[in-house]
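Structure file query_15.cif (mmCIF, C-alpha atoms) is printed below.
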```
data_final
#
loop_
_atom_site.group_PDB
_atom_site.id
_atom_site.type_symbol
_atom_site.label_atom_id
_atom_site.label_comp_id
_atom_site.auth_asym_id
_atom_site.auth_seq_id
_atom_site.Cartn_x
_atom_site.Cartn_y
_atom_site.Cartn_z
ATOM 1 C CA MET A 9 -113.399 31.986 -134.819
ATOM 2 C CA THR A 10 -111.325 30.776 -137.779
ATOM 3 C CA THR A 11 -113.063 30.217 -141.088
ATOM 4 C CA GLN A 12 -112.191 27.014 -142.907
ATOM 5 C CA ILE A 13 -112.433 26.273 -146.612
ATOM 6 C CA THR A 14 -112.643 22.586 -147.472
ATOM 7 C CA GLY A 15 -111.889 20.938 -150.747
ATOM 8 C CA ILE A 16 -111.004 17.809 -152.636
ATOM 9 C CA SER A 17 -108.502 17.409 -155.456
ATOM 10 C CA SER A 18 -106.663 14.864 -157.516
ATOM 11 C CA MET A 19 -103.169 13.814 -156.466
ATOM 12 C CA ALA A 20 -101.675 15.720 -159.408
ATOM 13 C CA THR A 21 -102.273 19.058 -157.685
ATOM 14 C CA ARG A 22 -101.467 17.964 -154.122
ATOM 15 C CA GLN A 23 -98.174 19.831 -153.699
ATOM 16 C CA VAL A 24 -99.151 23.106 -155.340
ATOM 17 C CA LEU A 25 -102.443 23.238 -153.428
ATOM 18 C CA ALA A 26 -100.646 22.613 -150.125
ATOM 19 C CA GLU A 27 -98.329 25.538 -150.852
ATOM 20 C CA LEU A 28 -101.216 27.796 -151.903
ATOM 21 C CA ALA A 29 -103.236 26.832 -148.814
ATOM 22 C CA ALA A 30 -100.320 27.655 -146.514
ATOM 23 C CA ALA A 31 -99.764 31.036 -148.198
ATOM 24 C CA PHE A 32 -103.486 31.840 -148.064
ATOM 25 C CA LYS A 33 -103.654 30.975 -144.356
ATOM 26 C CA GLN A 34 -100.634 33.164 -143.632
ATOM 27 C CA ARG A 35 -102.228 36.147 -145.394
ATOM 28 C CA SER A 36 -105.861 35.708 -144.354
ATOM 29 C CA GLY A 37 -105.872 33.532 -141.247
ATOM 30 C CA CYS A 38 -108.331 31.257 -143.046
ATOM 31 C CA VAL A 39 -107.527 27.538 -142.976
ATOM 32 C CA VAL A 40 -107.787 25.717 -146.306
ATOM 33 C CA ALA A 41 -108.100 21.948 -145.912
ATOM 34 C CA ILE A 42 -107.769 20.168 -149.256
ATOM 35 C CA GLU A 43 -107.873 16.375 -149.338
ATOM 36 C CA SER A 44 -105.914 15.015 -152.293
ATOM 37 C CA VAL A 45 -106.992 11.593 -153.531
ATOM 38 C CA GLY A 46 -107.138 9.823 -156.862
ATOM 39 C CA GLY A 47 -109.056 11.908 -159.385
ATOM 40 C CA VAL A 48 -111.541 9.102 -160.058
ATOM 41 C CA ASP A 49 -112.264 8.777 -156.339
ATOM 42 C CA ALA A 50 -112.555 12.547 -155.887
ATOM 43 C CA ALA A 51 -115.054 12.840 -158.744
ATOM 44 C CA ARG A 52 -117.050 9.881 -157.390
ATOM 45 C CA ARG A 53 -117.252 11.465 -153.934
ATOM 46 C CA VAL A 54 -118.377 14.838 -155.289
ATOM 47 C CA GLN A 55 -120.911 13.102 -157.551
ATOM 48 C CA ALA A 56 -122.242 11.282 -154.477
ATOM 49 C CA GLY A 57 -122.879 14.620 -152.777
ATOM 50 C CA GLU A 58 -119.906 14.989 -150.449
ATOM 51 C CA ALA A 59 -119.910 18.595 -149.266
ATOM 52 C CA CYS A 60 -116.893 20.799 -149.949
ATOM 53 C CA ASP A 61 -116.154 24.361 -150.975
ATOM 54 C CA VAL A 62 -113.592 23.679 -153.718
ATOM 55 C CA VAL A 63 -113.077 20.867 -156.225
ATOM 56 C CA VAL A 64 -109.794 20.759 -158.186
ATOM 57 C CA LEU A 65 -109.856 18.159 -160.952
ATOM 58 C CA ALA A 66 -109.162 17.854 -164.656
ATOM 59 C CA SER A 67 -111.376 20.009 -166.840
ATOM 60 C CA ASP A 68 -113.266 17.073 -168.353
ATOM 61 C CA ALA A 69 -113.999 15.664 -164.880
ATOM 62 C CA ILE A 70 -115.347 19.043 -163.752
ATOM 63 C CA ASP A 71 -117.479 19.238 -166.911
ATOM 64 C CA LYS A 72 -119.029 15.851 -166.071
ATOM 65 C CA LEU A 73 -119.747 16.993 -162.507
ATOM 66 C CA ILE A 74 -121.354 20.188 -163.831
ATOM 67 C CA ALA A 75 -123.519 18.157 -166.243
ATOM 68 C CA ALA A 76 -124.590 15.967 -163.326
ATOM 69 C CA GLY A 77 -125.452 19.013 -161.200
ATOM 70 C CA ALA A 78 -122.797 18.184 -158.597
ATOM 71 C CA VAL A 79 -120.786 21.395 -159.194
ATOM 72 C CA VAL A 80 -122.096 24.917 -159.807
ATOM 73 C CA ALA A 81 -121.679 25.517 -163.552
ATOM 74 C CA ASP A 82 -120.553 29.132 -163.514
ATOM 75 C CA SER A 83 -117.956 28.455 -160.805
ATOM 76 C CA LYS A 84 -115.534 26.611 -163.101
ATOM 77 C CA VAL A 85 -112.126 28.261 -163.536
ATOM 78 C CA ASP A 86 -109.313 26.697 -165.536
ATOM 79 C CA LEU A 87 -106.172 27.116 -163.416
ATOM 80 C CA VAL A 88 -103.358 25.355 -165.252
ATOM 81 C CA THR A 89 -102.363 23.424 -168.310
ATOM 82 C CA SER A 90 -100.542 20.242 -167.431
ATOM 83 C CA GLY A 91 -97.869 18.733 -169.615
ATOM 84 C CA VAL A 92 -97.235 15.022 -170.025
ATOM 85 C CA ALA A 93 -93.905 13.318 -169.415
ATOM 86 C CA VAL A 94 -92.409 9.928 -170.178
ATOM 87 C CA ALA A 95 -90.782 8.089 -167.289
ATOM 88 C CA VAL A 96 -88.262 5.252 -167.097
ATOM 89 C CA ARG A 97 -86.384 3.803 -164.120
ATOM 90 C CA ALA A 98 -83.280 5.516 -162.837
ATOM 91 C CA ARG A 99 -80.203 4.466 -164.826
ATOM 92 C CA ALA A 100 -82.359 2.881 -167.562
ATOM 93 C CA PRO A 101 -81.647 4.006 -171.118
ATOM 94 C CA ARG A 102 -83.760 7.029 -172.048
ATOM 95 C CA PRO A 103 -85.888 6.356 -175.105
ATOM 96 C CA ASP A 104 -85.889 8.794 -177.995
ATOM 97 C CA ILE A 105 -89.167 10.725 -177.808
ATOM 98 C CA GLY A 106 -88.039 13.654 -179.930
ATOM 99 C CA SER A 107 -90.715 13.081 -182.559
ATOM 100 C CA GLU A 108 -94.048 11.313 -182.776
ATOM 101 C CA ASP A 109 -92.463 8.521 -184.828
ATOM 102 C CA ALA A 110 -89.702 8.098 -182.236
ATOM 103 C CA LEU A 111 -92.261 8.003 -179.419
ATOM 104 C CA ARG A 112 -94.342 5.422 -181.304
ATOM 105 C CA HIS A 113 -91.218 3.279 -181.758
ATOM 106 C CA ALA A 114 -90.382 3.576 -178.029
ATOM 107 C CA VAL A 115 -93.928 2.530 -177.067
ATOM 108 C CA LEU A 116 -93.920 -0.431 -179.445
ATOM 109 C CA ALA A 117 -90.485 -1.535 -178.194
ATOM 110 C CA ALA A 118 -91.348 -1.310 -174.479
ATOM 111 C CA ARG A 119 -91.954 -4.563 -172.625
ATOM 112 C CA SER A 120 -94.565 -2.821 -170.447
ATOM 113 C CA ILE A 121 -96.277 0.567 -170.467
ATOM 114 C CA GLY A 122 -97.868 2.277 -167.469
ATOM 115 C CA TYR A 123 -100.475 5.016 -167.529
ATOM 116 C CA SER A 124 -102.612 6.879 -165.033
ATOM 117 C CA THR A 125 -106.351 7.022 -164.409
ATOM 118 C CA GLY A 126 -106.114 10.779 -164.912
ATOM 119 C CA PRO A 127 -106.137 13.012 -167.960
ATOM 120 C CA SER A 128 -102.677 11.961 -169.149
ATOM 121 C CA GLY A 129 -103.827 8.327 -169.227
ATOM 122 C CA VAL A 130 -106.960 9.236 -171.161
ATOM 123 C CA GLN A 131 -104.902 11.169 -173.708
ATOM 124 C CA LEU A 132 -102.379 8.337 -174.011
ATOM 125 C CA MET A 133 -105.140 5.843 -174.780
ATOM 126 C CA LYS A 134 -106.504 8.223 -177.447
ATOM 127 C CA LEU A 135 -103.010 8.426 -178.948
ATOM 128 C CA PHE A 136 -102.720 4.621 -179.044
ATOM 129 C CA GLU A 137 -106.131 4.469 -180.766
ATOM 130 C CA ARG A 138 -105.037 7.056 -183.337
ATOM 131 C CA TRP A 139 -101.882 5.052 -184.003
ATOM 132 C CA GLY A 140 -103.956 1.860 -184.329
ATOM 133 C CA VAL A 141 -101.837 -0.032 -181.764
ATOM 134 C CA THR A 142 -104.308 -0.409 -178.877
ATOM 135 C CA GLU A 143 -104.889 -4.126 -179.412
ATOM 136 C CA GLU A 144 -101.234 -4.807 -180.192
ATOM 137 C CA ILE A 145 -100.028 -3.387 -176.865
ATOM 138 C CA ALA A 146 -103.057 -4.239 -174.684
ATOM 139 C CA ARG A 147 -101.311 -7.105 -172.861
ATOM 140 C CA ARG A 148 -98.344 -4.831 -172.075
ATOM 141 C CA THR A 149 -100.283 -1.874 -170.655
ATOM 142 C CA VAL A 150 -100.837 -1.378 -166.942
ATOM 143 C CA GLN A 151 -103.121 1.284 -165.490
ATOM 144 C CA ALA A 152 -101.995 2.597 -162.112
ATOM 145 C CA PRO A 153 -104.677 2.186 -159.436
ATOM 146 C CA PRO A 154 -106.567 5.396 -158.585
ATOM 147 C CA GLY A 155 -104.466 7.579 -156.305
ATOM 148 C CA VAL A 156 -101.216 5.760 -157.125
ATOM 149 C CA PRO A 157 -98.785 7.864 -159.168
ATOM 150 C CA VAL A 158 -97.804 5.965 -162.304
ATOM 151 C CA GLY A 159 -94.179 6.828 -161.532
ATOM 152 C CA THR A 160 -94.450 4.485 -158.562
ATOM 153 C CA LEU A 161 -95.007 1.581 -160.975
ATOM 154 C CA VAL A 162 -91.848 2.571 -162.848
ATOM 155 C CA ALA A 163 -89.820 2.914 -159.640
ATOM 156 C CA ARG A 164 -90.936 -0.544 -158.468
ATOM 157 C CA GLY A 165 -89.991 -2.061 -161.825
ATOM 158 C CA GLU A 166 -93.606 -3.024 -162.568
ATOM 159 C CA VAL A 167 -93.522 -1.152 -165.897
ATOM 160 C CA GLU A 168 -90.655 -0.205 -168.183
ATOM 161 C CA LEU A 169 -92.124 2.973 -169.704
ATOM 162 C CA ALA A 170 -94.827 5.263 -168.336
ATOM 163 C CA SER A 171 -96.724 8.418 -169.148
ATOM 164 C CA SER A 172 -97.608 10.879 -166.445
ATOM 165 C CA SER A 173 -98.752 14.458 -166.097
#
```

Please express the file's structure as structure tokens.
Amino acid sequence: MTTQITGISSMATRQVLAELAAAFKQRSGCVVAIESVGGVDAARRVQAGEACDVVVLASDAIDKLIAAGAVVADSKVDLVTSGVAVAVRARAPRPDIGSEDALRHAVLAARSIGYSTGPSGVQLMKLFERWGVTEEIARRTVQAPPGVPVGTLVARGEVELASSS
């Protein structure tokens, strides 16, 4: 009888978790079945009581699930630190993002700005608030739907500039 570990994760970790699950199965014989969905949807499902053995989400999302009693508090382990990148369409001019001032200029000059529902989107909104430009760029910002990589919006031409982790 094969043991199976089940889990849910955000899309950001989909590829690395698939590779880890395959390696773990090869070494142990244990199947690891991780469903990768939008982080907001994953957190909602865990909050609603969906049973699983492992939850892989951003640290702040896990903290909220712990506070709600949906995840065992002393089971939290920080696995990675995720960087944030700026994306533009292939063959589009690359904006200067070499300094905070240059990045601010690129954001203010962009016709449209995409961001995710995940941690990188949250941090980007905090940055816009700190810069005092939230209202100025509000009509030009587009949040990717849960589970849709913000890079997809760039590739489709729906946004000119995007932030993603």

Closest-contact table, region 34-124 of chain A side, partner region 160-173 of chain A, 12 Å, counting all atoms listed in the file, as JSON lines:
```
{"residue": "A:Ala66", "atom": "CA", "partner": "A:Ser173", "partner_atom": "CA", "distance": 11.0}
{"residue": "A:Val88", "atom": "CA", "partner": "A:Ser173", "partner_atom": "CA", "distance": 11.9}
{"residue": "A:Thr89", "atom": "CA", "partner": "A:Ser173", "partner_atom": "CA", "distance": 9.9}
{"residue": "A:Ser90", "atom": "CA", "partner": "A:Ser173", "partner_atom": "CA", "distance": 6.2}
{"residue": "A:Gly91", "atom": "CA", "partner": "A:Ser173", "partner_atom": "CA", "distance": 5.6}
{"residue": "A:Val92", "atom": "CA", "partner": "A:Ser173", "partner_atom": "CA", "distance": 4.2}
{"residue": "A:Ala93", "atom": "CA", "partner": "A:Ser172", "partner_atom": "CA", "distance": 5.3}
{"residue": "A:Val94", "atom": "CA", "partner": "A:Ser171", "partner_atom": "CA", "distance": 4.7}
{"residue": "A:Ala95", "atom": "CA", "partner": "A:Ala170", "partner_atom": "CA", "distance": 5.0}
{"residue": "A:Val96", "atom": "CA", "partner": "A:Leu169", "partner_atom": "CA", "distance": 5.2}
{"residue": "A:Arg97", "atom": "CA", "partner": "A:Ala163", "partner_atom": "CA", "distance": 5.7}
{"residue": "A:Ala98", "atom": "CA", "partner": "A:Ala163", "partner_atom": "CA", "distance": 7.7}
{"residue": "A:Arg99", "atom": "CA", "partner": "A:Ala163", "partner_atom": "CA", "distance": 11.0}
{"residue": "A:Ala100", "atom": "CA", "partner": "A:Glu168", "partner_atom": "CA", "distance": 8.9}
{"residue": "A:Pro101", "atom": "CA", "partner": "A:Glu168", "partner_atom": "CA", "distance": 10.4}
{"residue": "A:Arg102", "atom": "CA", "partner": "A:Leu169", "partner_atom": "CA", "distance": 9.6}
{"residue": "A:Pro103", "atom": "CA", "partner": "A:Leu169", "partner_atom": "CA", "distance": 8.9}
{"residue": "A:Asp104", "atom": "CA", "partner": "A:Leu169", "partner_atom": "CA", "distance": 11.9}
{"residue": "A:Ile105", "atom": "CA", "partner": "A:Leu169", "partner_atom": "CA", "distance": 11.6}
{"residue": "A:Leu111", "atom": "CA", "partner": "A:Leu169", "partner_atom": "CA", "distance": 10.9}
{"residue": "A:Ala114", "atom": "CA", "partner": "A:Leu169", "partner_atom": "CA", "distance": 8.5}
{"residue": "A:Val115", "atom": "CA", "partner": "A:Leu169", "partner_atom": "CA", "distance": 7.6}
{"residue": "A:Leu116", "atom": "CA", "partner": "A:Leu169", "partner_atom": "CA", "distance": 10.5}
{"residue": "A:Ala117", "atom": "CA", "partner": "A:Leu169", "partner_atom": "CA", "distance": 9.8}
{"residue": "A:Ala118", "atom": "CA", "partner": "A:Glu168", "partner_atom": "CA", "distance": 6.4}
{"residue": "A:Arg119", "atom": "CA", "partner": "A:Glu168", "partner_atom": "CA", "distance": 6.4}
{"residue": "A:Ser120", "atom": "CA", "partner": "A:Val167", "partner_atom": "CA", "distance": 5.0}
{"residue": "A:Ile121", "atom": "CA", "partner": "A:Leu169", "partner_atom": "CA", "distance": 4.9}
{"residue": "A:Gly122", "atom": "CA", "partner": "A:Ala170", "partner_atom": "CA", "distance": 4.3}
{"residue": "A:Tyr123", "atom": "CA", "partner": "A:Ser171", "partner_atom": "CA", "distance": 5.3}
{"residue": "A:Ser124", "atom": "CA", "partner": "A:Ser172", "partner_atom": "CA", "distance": 6.6}
```

Figure out the distance between CA of Val62 (chain A) and CA of Ser44 (chain A), please, to one decimal in Å. 11.7 Å

I need the output of the PyMOL selection byres ((chain A and resi 61) around 8) for this file as a list in words; which residues are they? Ile13, Thr14, Gly15, Ala59, Cys60, Val62 and Val63 of chain A

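Relative to CA of Ser107 (chain A), CA of Phe136 (chain A) is found at 15.1 Å.
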
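The space between CA of Ala78 (chain A) and CA of Gln55 (chain A) spans 5.5 Å.
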
Apply the PyMOL selection byres ((chain A and resi 18-30) around 8) to the file shown and report the selected residues as a PyMOL selection string. chain A and resi 16-17+31-34+39-42+44-48+50+64-65+155+157+173

For the selection just defined, write its residues with C-alpha atoms to a file, as a PDB file, keeping the file's coordinate frame.
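Writing the result to result12.pdb gives the following:
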```pdb
ATOM      1  CA  ILE A  16    -111.004  17.809-152.636  1.00  0.00           C
ATOM      2  CA  SER A  17    -108.502  17.409-155.456  1.00  0.00           C
ATOM      3  CA  ALA A  31     -99.764  31.036-148.198  1.00  0.00           C
ATOM      4  CA  PHE A  32    -103.486  31.840-148.064  1.00  0.00           C
ATOM      5  CA  LYS A  33    -103.654  30.975-144.356  1.00  0.00           C
ATOM      6  CA  GLN A  34    -100.634  33.164-143.632  1.00  0.00           C
ATOM      7  CA  VAL A  39    -107.527  27.538-142.976  1.00  0.00           C
ATOM      8  CA  VAL A  40    -107.787  25.717-146.306  1.00  0.00           C
ATOM      9  CA  ALA A  41    -108.100  21.948-145.912  1.00  0.00           C
ATOM     10  CA  ILE A  42    -107.769  20.168-149.256  1.00  0.00           C
ATOM     11  CA  SER A  44    -105.914  15.015-152.293  1.00  0.00           C
ATOM     12  CA  VAL A  45    -106.992  11.593-153.531  1.00  0.00           C
ATOM     13  CA  GLY A  46    -107.138   9.823-156.862  1.00  0.00           C
ATOM     14  CA  GLY A  47    -109.056  11.908-159.385  1.00  0.00           C
ATOM     15  CA  VAL A  48    -111.541   9.102-160.058  1.00  0.00           C
ATOM     16  CA  ALA A  50    -112.555  12.547-155.887  1.00  0.00           C
ATOM     17  CA  VAL A  64    -109.794  20.759-158.186  1.00  0.00           C
ATOM     18  CA  LEU A  65    -109.856  18.159-160.952  1.00  0.00           C
ATOM     19  CA  GLY A 155    -104.466   7.579-156.305  1.00  0.00           C
ATOM     20  CA  PRO A 157     -98.785   7.864-159.168  1.00  0.00           C
ATOM     21  CA  SER A 173     -98.752  14.458-166.097  1.00  0.00           C
TER      22      SER A 173
END
```

Judged by all atoms listed in the file, the minimum distance to Asp82 (chain A) among A:Leu135, A:Ile70, A:Val141, A:Val158 is found for A:Ile70

Hey, can I get the axis-aligned box for region 41-60 of chain A? All listed atoms, 5 Å padding on each side, centre and edge lengths in Å to one decimal, as JSON.
```
{"center_x": -114.4, "center_y": 15.4, "center_z": -153.0, "size_x": 27.0, "size_y": 23.2, "size_z": 24.1}
```

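Nearest-residue note for Arg53 (chain A): choosing from A:Asp68, A:Glu143, A:Val79, A:Lys134, the minimum distance belongs to A:Val79, counting all atoms listed in the file.
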
Any chance you could resolve the PyMOL selection byres ((chain A and resi 84) around 9) against this file and give the residues as JSON, numbers by chain? {"A": [67, 70, 71, 74, 79, 80, 81, 82, 83, 85, 86]}

Contacts of Thr125 (chain A) within 7 Å, only C-alpha atoms, excl. fewer than 5 positions in-chain, as an NGL selection string: :A and (151-152 or 154)

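When all atoms listed in the file are used to measure the gap to Leu73 (chain A), the shortest distance among A:Leu87, A:Ala51, A:Val130, A:His113 belongs to A:Ala51.
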
Could all heavy atoms be built for region 20-31 of chain A and written out as a short mmCIF file (atom, residue, chain, number, x, y, z; two decimals), in the coordinates of the input?
```
data_model
loop_
_atom_site.label_atom_id
_atom_site.label_comp_id
_atom_site.auth_asym_id
_atom_site.auth_seq_id
_atom_site.Cartn_x
_atom_site.Cartn_y
_atom_site.Cartn_z
N ALA A 20 -102.56 14.94 -158.54
CA ALA A 20 -101.68 15.72 -159.41
C ALA A 20 -101.43 17.13 -158.88
O ALA A 20 -100.38 17.71 -159.13
CB ALA A 20 -102.26 15.77 -160.82
N THR A 21 -102.39 17.68 -158.16
CA THR A 21 -102.27 19.06 -157.68
C THR A 21 -101.94 19.15 -156.19
O THR A 21 -101.93 20.24 -155.63
CB THR A 21 -103.58 19.82 -157.96
OG1 THR A 21 -104.67 19.12 -157.35
CG2 THR A 21 -103.83 19.97 -159.45
N ARG A 22 -101.68 18.03 -155.57
CA ARG A 22 -101.47 17.96 -154.12
C ARG A 22 -100.44 18.98 -153.62
O ARG A 22 -100.71 19.76 -152.71
CB ARG A 22 -101.07 16.54 -153.74
CG ARG A 22 -100.70 16.35 -152.28
CD ARG A 22 -100.23 14.92 -152.00
NE ARG A 22 -98.96 14.68 -152.68
CZ ARG A 22 -98.73 13.68 -153.52
NH1 ARG A 22 -99.65 12.80 -153.77
NH2 ARG A 22 -97.57 13.54 -154.11
N GLN A 23 -99.26 18.99 -154.20
CA GLN A 23 -98.17 19.83 -153.70
C GLN A 23 -98.47 21.32 -153.90
O GLN A 23 -98.32 22.11 -152.98
CB GLN A 23 -96.84 19.46 -154.36
CG GLN A 23 -95.66 20.21 -153.80
CD GLN A 23 -95.41 19.92 -152.33
OE1 GLN A 23 -95.53 18.80 -151.87
NE2 GLN A 23 -95.07 20.95 -151.57
N VAL A 24 -98.90 21.69 -155.08
CA VAL A 24 -99.15 23.11 -155.34
C VAL A 24 -100.30 23.62 -154.48
O VAL A 24 -100.26 24.75 -153.99
CB VAL A 24 -99.37 23.39 -156.85
CG1 VAL A 24 -100.70 22.85 -157.34
CG2 VAL A 24 -99.26 24.88 -157.13
N LEU A 25 -101.33 22.81 -154.27
CA LEU A 25 -102.44 23.24 -153.43
C LEU A 25 -102.02 23.38 -151.97
O LEU A 25 -102.48 24.28 -151.27
CB LEU A 25 -103.63 22.29 -153.56
CG LEU A 25 -104.36 22.33 -154.90
CD1 LEU A 25 -105.45 21.27 -154.96
CD2 LEU A 25 -104.92 23.71 -155.19
N ALA A 26 -101.14 22.50 -151.50
CA ALA A 26 -100.65 22.61 -150.12
C ALA A 26 -99.89 23.93 -149.95
O ALA A 26 -100.05 24.62 -148.93
CB ALA A 26 -99.75 21.42 -149.78
N GLU A 27 -99.07 24.28 -150.93
CA GLU A 27 -98.33 25.54 -150.85
C GLU A 27 -99.27 26.74 -150.92
O GLU A 27 -99.10 27.71 -150.17
CB GLU A 27 -97.30 25.59 -151.97
CG GLU A 27 -96.17 24.59 -151.79
CD GLU A 27 -95.25 24.49 -153.00
OE1 GLU A 27 -95.27 25.39 -153.87
OE2 GLU A 27 -94.50 23.49 -153.06
N LEU A 28 -100.25 26.70 -151.80
CA LEU A 28 -101.22 27.80 -151.90
C LEU A 28 -102.03 27.93 -150.62
O LEU A 28 -102.30 29.06 -150.17
CB LEU A 28 -102.14 27.59 -153.11
CG LEU A 28 -101.50 27.79 -154.47
CD1 LEU A 28 -102.45 27.34 -155.58
CD2 LEU A 28 -101.08 29.24 -154.67
N ALA A 29 -102.44 26.80 -150.05
CA ALA A 29 -103.24 26.83 -148.81
C ALA A 29 -102.44 27.46 -147.68
O ALA A 29 -102.97 28.26 -146.90
CB ALA A 29 -103.70 25.42 -148.45
N ALA A 30 -101.17 27.09 -147.57
CA ALA A 30 -100.32 27.66 -146.51
C ALA A 30 -100.15 29.17 -146.69
O ALA A 30 -100.24 29.94 -145.73
CB ALA A 30 -98.96 26.96 -146.50
N ALA A 31 -99.93 29.60 -147.93
CA ALA A 31 -99.76 31.04 -148.20
C ALA A 31 -101.06 31.79 -147.92
O ALA A 31 -101.05 32.88 -147.34
CB ALA A 31 -99.32 31.25 -149.64
#
```
